[in-house]
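input-v6.txt follows; it contains compact mmCIF, C-alpha atoms.
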```
# COMPACT_ATOMS: atom_id res chain seq x y z
CA MET G 292 -102.78 3.06 -8.16
CA TYR G 293 -99.65 4.94 -9.14
CA GLU G 294 -98.39 4.26 -12.63
CA ALA G 295 -94.87 5.35 -13.60
CA GLY G 296 -94.30 7.03 -16.96
CA ARG G 297 -97.89 8.20 -17.12
CA LEU G 298 -98.83 11.78 -18.03
CA GLU G 299 -101.33 13.72 -15.98
CA PHE G 300 -103.38 16.45 -17.60
CA VAL G 301 -103.10 19.51 -15.36
CA GLY G 302 -105.42 21.82 -17.25
CA THR G 303 -107.15 22.63 -20.53
CA VAL G 304 -107.04 25.32 -23.18
CA THR G 305 -110.56 26.66 -22.71
CA LYS G 306 -110.91 29.58 -25.08
CA VAL G 307 -109.13 30.75 -28.15
CA GLU G 308 -109.90 34.18 -29.56
CA ASP G 309 -107.68 35.88 -32.09
CA ASP G 310 -104.26 35.80 -30.47
CA THR G 311 -105.50 35.30 -26.90
CA SER G 312 -106.12 31.96 -25.16
CA LYS G 313 -107.17 30.90 -21.71
CA ILE G 314 -105.70 28.00 -19.80
CA LYS G 315 -107.78 26.63 -16.95
CA ILE G 316 -105.71 24.73 -14.42
CA LEU G 317 -107.48 21.93 -12.52
CA PRO G 318 -108.30 22.65 -8.84
CA GLU G 319 -105.88 20.02 -7.53
CA TYR G 320 -102.92 21.82 -9.19
CA GLY G 321 -103.92 25.38 -8.29
CA GLU G 322 -101.21 25.84 -5.66
CA ALA G 323 -98.53 25.14 -8.27
CA LEU G 324 -99.28 28.57 -9.80
CA GLN G 325 -98.00 30.51 -6.78
CA GLY G 326 -95.50 33.16 -7.86
CA LEU G 327 -96.07 32.65 -11.58
CA ARG G 328 -97.51 36.14 -11.94
CA GLY G 329 -93.98 37.55 -11.50
CA PHE G 330 -92.98 36.25 -14.93
CA SER G 331 -93.77 38.12 -18.14
CA HIS G 332 -93.61 34.93 -20.24
CA ILE G 333 -94.17 31.22 -19.70
CA ILE G 334 -93.47 27.99 -21.55
CA VAL G 335 -96.65 25.97 -22.08
CA LEU G 336 -96.36 22.25 -22.76
CA TYR G 337 -99.50 20.58 -24.07
CA TRP G 338 -100.66 17.30 -25.53
CA PHE G 339 -101.71 17.22 -29.19
CA HIS G 340 -104.59 14.88 -28.29
CA LEU G 341 -105.90 14.85 -31.87
CA ASN G 342 -102.57 13.34 -32.96
CA ASP G 343 -102.44 10.78 -30.16
CA ASN G 344 -102.97 7.71 -32.28
CA GLU G 345 -100.68 5.03 -33.56
CA GLU G 346 -100.62 6.29 -37.16
CA GLN G 347 -99.68 9.91 -36.34
CA ARG G 348 -97.13 8.87 -33.75
CA ARG G 349 -95.32 6.67 -36.25
CA ILE G 350 -94.75 9.57 -38.67
CA LEU G 351 -91.03 10.35 -38.67
CA LYS G 352 -90.75 12.76 -41.60
CA VAL G 353 -92.91 15.69 -42.65
CA LYS G 354 -92.90 18.48 -45.19
CA PRO G 355 -93.64 21.64 -43.17
CA ARG G 356 -96.47 22.90 -45.38
CA ARG G 357 -96.86 26.31 -43.76
CA HIS G 358 -93.25 27.18 -44.64
CA LYS G 359 -92.62 28.00 -48.27
CA GLY G 360 -89.70 26.10 -49.72
CA ALA G 361 -89.31 23.73 -46.78
CA PRO G 362 -87.86 20.34 -47.72
CA GLU G 363 -88.96 17.07 -46.15
CA VAL G 364 -87.43 16.94 -42.67
CA GLY G 365 -87.49 14.62 -39.68
CA VAL G 366 -90.13 15.43 -37.08
CA PHE G 367 -87.38 16.27 -34.55
CA ALA G 368 -86.34 19.05 -36.97
CA SER G 369 -89.90 20.42 -37.09
CA ARG G 370 -92.62 21.55 -34.71
CA SER G 371 -95.17 19.25 -36.34
CA PRO G 372 -97.89 17.83 -34.06
CA ALA G 373 -97.24 14.43 -35.63
CA ARG G 374 -94.32 13.02 -33.62
CA PRO G 375 -93.55 10.03 -31.38
CA ASN G 376 -94.73 11.95 -28.31
CA PRO G 377 -97.32 14.51 -29.42
CA ILE G 378 -96.10 17.25 -27.09
CA GLY G 379 -96.56 20.85 -28.17
CA LEU G 380 -94.52 23.76 -26.84
CA THR G 381 -95.25 27.47 -27.08
CA VAL G 382 -93.52 30.40 -25.40
CA CYS G 383 -96.36 32.75 -24.43
CA GLU G 384 -96.70 36.19 -22.96
CA LEU G 385 -98.62 35.85 -19.70
CA LEU G 386 -101.25 38.60 -19.57
CA ASP G 387 -103.18 37.69 -16.45
CA ILE G 388 -103.92 35.04 -13.83
CA ARG G 389 -107.29 35.00 -12.05
CA GLU G 390 -107.75 32.16 -9.63
CA ARG G 391 -106.72 29.19 -11.77
CA THR G 392 -107.26 30.72 -15.22
CA LEU G 393 -104.30 32.06 -17.17
CA THR G 394 -104.70 34.46 -20.08
CA VAL G 395 -101.87 34.11 -22.58
CA MET G 396 -100.90 35.42 -26.00
CA GLU G 397 -100.24 33.40 -29.14
CA LEU G 398 -100.70 29.90 -27.71
CA ASP G 399 -100.64 27.66 -30.75
CA ALA G 400 -103.11 25.08 -29.38
CA ALA G 401 -106.73 24.29 -30.23
CA GLU G 402 -109.74 24.60 -27.92
CA GLY G 403 -109.87 21.64 -25.54
CA THR G 404 -106.16 20.82 -25.75
CA PRO G 405 -104.90 19.19 -22.51
CA VAL G 406 -102.06 21.07 -20.80
CA ILE G 407 -99.29 18.96 -19.27
CA ASP G 408 -96.88 21.52 -17.81
CA ILE G 409 -96.26 25.22 -17.26
CA LYS G 410 -92.72 26.51 -16.80
CA PRO G 411 -91.40 30.00 -16.18
CA TYR G 412 -89.53 31.49 -19.15
CA LEU G 413 -86.00 32.28 -18.02
CA PRO G 414 -84.25 34.54 -20.55
CA ARG G 415 -80.75 33.59 -19.38
CA ALA G 416 -81.46 29.94 -20.25
CA ASP G 417 -84.18 30.14 -22.87
CA CYS G 418 -83.37 33.15 -25.05
CA VAL G 419 -80.47 32.41 -27.39
CA ARG G 420 -79.96 35.53 -29.44
CA ASP G 421 -77.52 34.14 -31.96
CA ALA G 422 -79.37 30.87 -32.65
CA HIS G 423 -80.00 30.14 -36.30
CA GLY G 424 -81.62 27.55 -38.53
CA PRO G 425 -82.19 26.75 -42.19
CA SER G 426 -83.69 29.50 -44.37
CA TRP G 427 -87.15 27.89 -44.61
CA THR G 428 -87.70 28.60 -40.92
CA SER G 429 -87.74 32.35 -41.62
CA GLU G 430 -90.73 31.97 -43.96
CA GLY G 431 -94.37 31.81 -42.84
CA PRO G 432 -95.53 31.46 -39.21
CA LYS G 433 -93.06 31.49 -36.33
CA THR G 434 -93.28 27.74 -35.68
CA MET W 22 -101.31 -2.67 -28.21
CA TYR W 23 -101.54 1.06 -28.66
CA GLU W 24 -102.19 3.02 -25.50
CA ALA W 25 -103.28 6.67 -25.72
CA GLY W 26 -101.66 9.24 -23.43
CA ARG W 27 -98.58 7.11 -23.04
CA LEU W 28 -95.06 8.50 -23.36
CA GLU W 29 -92.45 6.76 -25.46
CA PHE W 30 -88.80 7.13 -24.63
CA VAL W 31 -87.03 8.06 -27.86
CA GLY W 32 -83.47 8.12 -26.56
CA THR W 33 -81.18 8.41 -23.56
CA VAL W 34 -78.61 10.83 -22.19
CA THR W 35 -75.57 8.57 -22.43
CA LYS W 36 -72.64 10.65 -21.34
CA VAL W 37 -72.19 13.79 -19.33
CA GLU W 38 -68.79 15.45 -19.19
CA ASP W 39 -68.32 18.96 -17.94
CA ASP W 40 -70.72 21.00 -20.05
CA THR W 41 -71.04 18.46 -22.86
CA SER W 42 -73.60 15.65 -23.08
CA LYS W 43 -74.48 12.99 -25.60
CA ILE W 44 -77.99 11.95 -26.52
CA LYS W 45 -78.37 8.59 -28.18
CA ILE W 46 -81.58 8.29 -30.17
CA LEU W 47 -83.07 4.79 -30.50
CA PRO W 48 -82.74 3.15 -33.94
CA GLU W 49 -86.49 3.22 -34.61
CA TYR W 50 -86.54 7.03 -34.36
CA GLY W 51 -83.34 7.72 -36.30
CA GLU W 52 -85.11 9.08 -39.39
CA ALA W 53 -86.75 11.78 -37.28
CA LEU W 54 -83.33 13.49 -37.04
CA GLN W 55 -83.16 14.33 -40.76
CA GLY W 56 -82.38 18.03 -41.26
CA LEU W 57 -81.73 18.71 -37.59
CA ARG W 58 -78.08 19.49 -38.28
CA GLY W 59 -79.17 22.77 -39.90
CA PHE W 60 -80.10 24.18 -36.50
CA SER W 61 -77.55 25.70 -34.14
CA HIS W 62 -79.71 25.01 -31.07
CA ILE W 63 -82.38 22.51 -30.05
CA ILE W 64 -84.95 22.13 -27.29
CA VAL W 65 -84.51 18.85 -25.45
CA LEU W 66 -87.45 17.45 -23.48
CA TYR W 67 -86.62 14.66 -21.07
CA TRP W 68 -88.20 12.66 -18.28
CA PHE W 69 -86.93 13.17 -14.74
CA HIS W 70 -87.21 9.45 -14.11
CA LEU W 71 -85.75 9.74 -10.60
CA ASN W 72 -88.70 11.98 -9.68
CA ASP W 73 -91.32 9.75 -11.28
CA ASN W 74 -92.99 8.59 -8.10
CA GLU W 75 -96.20 9.49 -6.39
CA GLU W 76 -94.56 11.52 -3.60
CA GLN W 77 -92.47 13.77 -5.89
CA ARG W 78 -95.30 14.27 -8.35
CA ARG W 79 -97.61 15.52 -5.60
CA ILE W 80 -95.21 18.30 -4.62
CA LEU W 81 -96.82 21.60 -5.63
CA LYS W 82 -94.53 24.13 -3.93
CA VAL W 83 -90.77 24.32 -3.66
CA LYS W 84 -88.10 26.68 -2.39
CA PRO W 85 -85.58 26.94 -5.27
CA ARG W 86 -82.50 26.19 -3.19
CA ARG W 87 -79.92 27.02 -5.85
CA HIS W 88 -81.22 30.58 -6.09
CA LYS W 89 -80.26 32.86 -3.22
CA GLY W 90 -83.20 34.71 -1.77
CA ALA W 91 -85.84 32.72 -3.63
CA PRO W 92 -89.17 32.49 -1.80
CA GLU W 93 -91.37 29.40 -1.78
CA VAL W 94 -93.05 29.22 -5.19
CA GLY W 95 -95.40 26.89 -7.02
CA VAL W 96 -93.70 24.26 -9.16
CA PHE W 97 -95.17 25.86 -12.30
CA ALA W 98 -93.17 28.99 -11.38
CA SER W 99 -89.96 26.95 -11.08
CA ARG W 100 -87.90 24.51 -13.11
CA SER W 101 -87.85 21.98 -10.27
CA PRO W 102 -87.78 18.29 -11.28
CA ALA W 103 -90.52 17.69 -8.71
CA ARG W 104 -93.74 18.48 -10.58
CA PRO W 105 -96.98 16.73 -11.65
CA ASN W 106 -95.38 15.63 -14.92
CA PRO W 107 -91.60 15.31 -14.36
CA ILE W 108 -90.67 16.77 -17.75
CA GLY W 109 -87.37 18.63 -18.02
CA LEU W 110 -86.59 21.19 -20.71
CA THR W 111 -83.21 22.57 -21.75
CA VAL W 112 -82.29 24.75 -24.70
CA CYS W 113 -78.96 23.35 -25.91
CA GLU W 114 -76.37 24.26 -28.46
CA LEU W 115 -76.11 21.38 -30.93
CA LEU W 116 -72.46 20.66 -31.57
CA ASP W 117 -72.62 17.54 -33.69
CA ILE W 118 -74.74 14.64 -34.93
CA ARG W 119 -73.10 11.34 -35.86
CA GLU W 120 -75.51 8.64 -36.91
CA ARG W 121 -78.02 8.74 -34.06
CA THR W 122 -75.85 10.39 -31.41
CA LEU W 123 -76.19 14.10 -30.70
CA THR W 124 -73.52 16.10 -28.88
CA VAL W 125 -74.99 19.05 -27.03
CA MET W 126 -73.86 21.76 -24.61
CA GLU W 127 -75.22 22.43 -21.14
CA LEU W 128 -77.95 19.80 -21.03
CA ASP W 129 -79.14 19.83 -17.45
CA ALA W 130 -79.93 16.10 -17.24
CA ALA W 131 -78.22 13.20 -15.48
CA GLU W 132 -76.63 10.15 -17.10
CA GLY W 133 -79.34 7.68 -18.11
CA THR W 134 -82.15 10.22 -18.34
CA PRO W 135 -84.80 9.18 -20.89
CA VAL W 136 -85.35 11.69 -23.71
CA ILE W 137 -88.95 12.21 -24.84
CA ASP W 138 -88.68 14.83 -27.60
CA ILE W 139 -86.28 16.97 -29.60
CA LYS W 140 -87.47 20.19 -31.20
CA PRO W 141 -85.65 22.74 -33.33
CA TYR W 142 -85.02 26.07 -31.57
CA LEU W 143 -86.74 28.79 -33.57
CA PRO W 144 -85.52 32.24 -32.46
CA ARG W 145 -88.58 34.04 -33.85
CA ALA W 146 -90.83 31.98 -31.56
CA ASP W 147 -88.54 30.95 -28.72
CA CYS W 148 -86.25 33.91 -28.03
CA VAL W 149 -88.11 36.68 -26.19
CA ARG W 150 -85.59 39.41 -25.62
CA ASP W 151 -87.64 41.56 -23.27
CA ALA W 152 -88.95 38.73 -21.07
CA HIS W 153 -88.44 39.24 -17.37
CA GLY W 154 -89.05 37.51 -14.05
CA PRO W 155 -88.62 38.03 -10.32
CA SER W 156 -85.19 39.08 -9.09
CA TRP W 157 -84.31 35.66 -7.58
CA THR W 158 -84.14 34.21 -11.09
CA SER W 159 -81.05 36.32 -11.86
CA GLU W 160 -79.13 34.68 -9.01
CA GLY W 161 -77.31 31.35 -9.26
CA PRO W 162 -77.58 28.92 -12.19
CA LYS W 163 -79.60 29.77 -15.29
CA THR W 164 -82.51 27.47 -14.43
```

Show this structure as structure tokens.
Amino acid sequence: MYEAGRLEFVGTVTKVEDDTSKIKILPEYGEALQGLRGFSHIIVLYWFHLNDNEEQRRILKVKPRRHKGAPEVGVFASRSPARPNPIGLTVCELLDIRERTLTVMELDAAEGTPVIDIKPYLPRADCVRDAHGPSWTSEGPKT
Amino acid sequence: MYEAGRLEFVGTVTKVEDDTSKIKILPEYGEALQGLRGFSHIIVLYWFHLNDNEEQRRILKVKPRRHKGAPEVGVFASRSPARPNPIGLTVCELLDIRERTLTVMELDAAEGTPVIDIKPYLPRADCVRDAHGPSWTSEGPKT
């Protein structure tokens, strides 16, 4: 029966090797990939399933440990996997699509992570050249 | 009782006026906003609640009507609200935060839309200057 507000997992991160990952889309969503090959980059939304528990989802402040000098901040000011809805987001270069398997660069998600959405990256909307943040965000990894 | 895989609504789009919108975060998530003011732009994830029904979520192909000359494409190659998980994404300029109310620019969401996540926009990760897509994406609105 249909249940409103419910997430559907549309695929899985199946392989992570150095900077390259594969995303395998489930057969029932294969048609949704039509035309995606025309985009150089995509936005991947995934579910931090390892953080999908009551304790992790109640965390509201974190100290971003990978960023030197970062103060304690709210989870909405960080890309921490601990957050009320454990949704991860990475902008990835799309290298290849074969049948329902995407090969992407620099997807920051572990093996077995459920994928919940794929969106085309639209530079006019998504690339803000003059955006800026606090200095700790320039230290360490990109996210 | 805790239910895995379940989304929580953390706030609501409360006012839309020309290009400016307000997002009111629920009291229980207020602390998660700490430090957000240091970012010029944010990524807002929201739930297209009007499309949260079995019919709309089974749509796998669309013809992006706002973009002249667009062919039929899969929903993963479009920003259509009809998709397996009706999650919307807009990169917004953050104008102001007062208590738990954010004022943002160009949020592409209707009055009353539930918000599911706020993330800081990190140019090193999120702004891809040389990204490109098919020609129909340069026509019409940004998304």

Kindly give the distance, in Å, that separates atom CA of G:Pro414 and atom CA of G:Pro318, rounded to a single decimal.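 The value is 29.3 Å.
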
Determine, counting all atoms listed in the file, which protein, DNA and RNA residues have an atom within 10 Å of an atom of G:Asn342; residues of the same chain fewer than 2 positions away are not included. Present the result as a VMD selection string. (chain G and resid 338 to 340 344 to 348 372 to 378) or (chain W and resid 25)

C-alpha atoms of the current selection, written as a compact mmCIF listing (two decimals), in the frame of the given file:
```txt
# COMPACT_ATOMS: atom_id res chain seq x y z
CA TRP G 338 -100.66 17.30 -25.53
CA PHE G 339 -101.71 17.22 -29.19
CA HIS G 340 -104.59 14.88 -28.29
CA ASN G 344 -102.97 7.71 -32.28
CA GLU G 345 -100.68 5.03 -33.56
CA GLU G 346 -100.62 6.29 -37.16
CA GLN G 347 -99.68 9.91 -36.34
CA ARG G 348 -97.13 8.87 -33.75
CA PRO G 372 -97.89 17.83 -34.06
CA ALA G 373 -97.24 14.43 -35.63
CA ARG G 374 -94.32 13.02 -33.62
CA PRO G 375 -93.55 10.03 -31.38
CA ASN G 376 -94.73 11.95 -28.31
CA PRO G 377 -97.32 14.51 -29.42
CA ILE G 378 -96.10 17.25 -27.09
CA ALA W 25 -103.28 6.67 -25.72
```

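Taking all atoms listed in the file, the non-local environment of W:Arg119 within 10 Å (same-chain residues fewer than 5 positions away omitted) comprises Lys45, Arg58 and Thr124 of chain W.
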
Protein/DNA/RNA residues near (-76.7, 22.4, -21.0), cut 9 Å, only C-alpha atoms, as a compact mmCIF listing (two decimals) with C-alpha atoms, keeping the file's coordinate frame:
```
# COMPACT_ATOMS: atom_id res chain seq x y z
CA ALA G 416 -81.46 29.94 -20.25
CA ASP W 40 -70.72 21.00 -20.05
CA THR W 41 -71.04 18.46 -22.86
CA SER W 42 -73.60 15.65 -23.08
CA THR W 111 -83.21 22.57 -21.75
CA VAL W 112 -82.29 24.75 -24.70
CA CYS W 113 -78.96 23.35 -25.91
CA GLU W 114 -76.37 24.26 -28.46
CA VAL W 125 -74.99 19.05 -27.03
CA MET W 126 -73.86 21.76 -24.61
CA GLU W 127 -75.22 22.43 -21.14
CA LEU W 128 -77.95 19.80 -21.03
CA ASP W 129 -79.14 19.83 -17.45
CA ALA W 130 -79.93 16.10 -17.24
```

Contact residues around stretch 352-354 of chain G with all atoms listed in the file at 9 Å, ignoring same-chain residues under 3 positions, as an MDAnalysis selection string: (chainID G and resid 357:358 361:369 371 373:374) or (chainID W and resid 52:55)

Go ahead and compute the interatomic distance for atom CA of G:Leu385 and atom CA of W:Leu66, in Å to one decimal.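 Between these atoms lies a distance of 21.9 Å.
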
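You will find atom CA of W:Gly90 at 13.9 Å from atom CA of W:Gly154.
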
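Proximity ranking of G:His332, G:Lys313, G:Arg356, G:Arg349 relative to W:His153 places G:His332 first, based on all atoms listed in the file.
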
Of the candidates G:Tyr412, G:Phe330, G:Tyr337, G:Trp427, which shows the shortest atom-to-atom distance to chain W, using all atoms listed in the file? G:Phe330

Restricting the calculation to only C-alpha atoms: of G:Arg370, G:Arg297, G:Lys359, G:Arg420, which residue gets closest to W:Asp138?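 Of G:Arg370, G:Arg297, G:Lys359, G:Arg420, the one nearest W:Asp138 is G:Arg370, counting only C-alpha atoms.
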
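In this comparison, which uses only C-alpha atoms, the residue of W:Glu24, W:Asp147, W:Asp117, W:Glu29 approaching W:Leu57 most closely is W:Asp117.
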
Using only C-alpha atoms, which of G:Ile407, G:Leu413, G:Leu317, G:Ala422 sits nearest G:Glu390? G:Leu317

Pick from W:Val34, W:Ile118, W:Leu123, W:Ile80: nearest to chain G, with all atoms listed in the file counted?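 Of the candidates, the smallest distance to chain G is held by W:Ile80.
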
Save stretch 304-391 of chain G of the structure in the block above to a file, with C-alpha atoms included, as a compact mmCIF listing (two decimals), in the first residue's frame.
```
# COMPACT_ATOMS: atom_id res chain seq x y z
CA VAL G 304 26.73 2.48 -4.29
CA THR G 305 28.27 -0.81 -5.39
CA LYS G 306 31.98 -0.21 -5.67
CA VAL G 307 34.38 2.35 -4.35
CA GLU G 308 37.93 2.43 -5.66
CA ASP G 309 40.23 5.36 -5.10
CA ASP G 310 38.23 8.31 -6.38
CA THR G 311 35.85 6.28 -8.56
CA SER G 312 32.50 4.81 -7.48
CA LYS G 313 29.74 2.90 -9.19
CA ILE G 314 26.05 3.47 -8.64
CA LYS G 315 23.75 0.65 -9.66
CA ILE G 316 20.20 1.82 -10.28
CA LEU G 317 17.42 -0.71 -9.64
CA PRO G 318 15.73 -2.17 -12.75
CA GLU G 319 12.38 -0.52 -12.00
CA TYR G 320 13.99 2.97 -12.19
CA GLY G 321 16.17 2.36 -15.24
CA GLU G 322 14.07 4.49 -17.59
CA ALA G 323 14.61 7.52 -15.35
CA LEU G 324 18.23 7.65 -16.57
CA GLN G 325 17.29 8.55 -20.15
CA GLY G 326 19.23 11.60 -21.31
CA LEU G 327 21.46 11.76 -18.25
CA ARG G 328 24.54 10.98 -20.33
CA GLY G 329 24.34 14.51 -21.79
CA PHE G 330 25.43 16.00 -18.46
CA SER G 331 29.07 16.20 -17.39
CA HIS G 332 28.15 16.30 -13.69
CA ILE G 333 25.31 15.08 -11.49
CA ILE G 334 24.07 15.64 -7.95
CA VAL G 335 23.80 12.38 -6.03
CA LEU G 336 21.54 12.22 -2.99
CA TYR G 337 22.02 9.21 -0.74
CA TRP G 338 20.97 7.89 2.63
CA PHE G 339 23.59 7.64 5.38
CA HIS G 340 22.08 4.31 6.48
CA LEU G 341 24.75 3.80 9.15
CA ASN G 342 23.54 7.00 10.82
CA ASP G 343 19.85 6.15 10.55
CA ASN G 344 19.22 5.61 14.24
CA GLU G 345 17.57 7.68 16.89
CA GLU G 346 20.82 8.68 18.63
CA GLN G 347 22.60 9.98 15.49
CA ARG G 348 19.50 11.73 14.22
CA ARG G 349 19.14 13.67 17.46
CA ILE G 350 22.63 15.17 17.18
CA LEU G 351 22.23 18.89 16.46
CA LYS G 352 25.79 20.14 16.91
CA VAL G 353 29.11 18.73 15.75
CA LYS G 354 32.75 19.71 15.66
CA PRO G 355 33.85 19.05 12.06
CA ARG G 356 36.92 16.98 12.92
CA ARG G 357 38.37 16.79 9.41
CA HIS G 358 38.63 20.59 9.28
CA LYS G 359 41.45 22.09 11.31
CA GLY G 360 40.31 24.92 13.53
CA ALA G 361 36.59 24.32 13.02
CA PRO G 362 34.44 25.40 15.96
CA GLU G 363 31.37 23.50 17.13
CA VAL G 364 28.60 24.22 14.64
CA GLY G 365 25.00 23.18 14.08
CA VAL G 366 24.54 20.20 11.77
CA PHE G 367 22.77 22.45 9.23
CA ALA G 368 26.06 24.40 9.01
CA SER G 369 28.02 21.20 8.32
CA ARG G 370 27.95 18.24 5.96
CA SER G 371 28.05 15.77 8.84
CA PRO G 372 26.24 12.44 8.30
CA ALA G 373 24.70 12.89 11.75
CA ARG G 374 21.64 15.06 11.13
CA PRO G 375 17.85 14.87 11.53
CA ASN G 376 17.49 13.38 8.04
CA PRO G 377 20.70 11.51 7.21
CA ILE G 378 20.78 12.62 3.57
CA GLY G 379 24.16 12.95 1.89
CA LEU G 380 24.82 15.09 -1.16
CA THR G 381 27.79 15.01 -3.52
CA VAL G 382 28.32 16.78 -6.83
CA CYS G 383 30.07 14.20 -9.02
CA GLU G 384 31.62 14.09 -12.44
CA LEU G 385 29.73 11.49 -14.47
CA LEU G 386 32.26 9.35 -16.33
CA ASP G 387 30.06 6.70 -17.87
CA ILE G 388 26.65 5.02 -17.91
CA ARG G 389 26.31 1.39 -19.00
CA GLU G 390 22.83 -0.01 -18.77
CA ARG G 391 21.87 0.98 -15.22
```
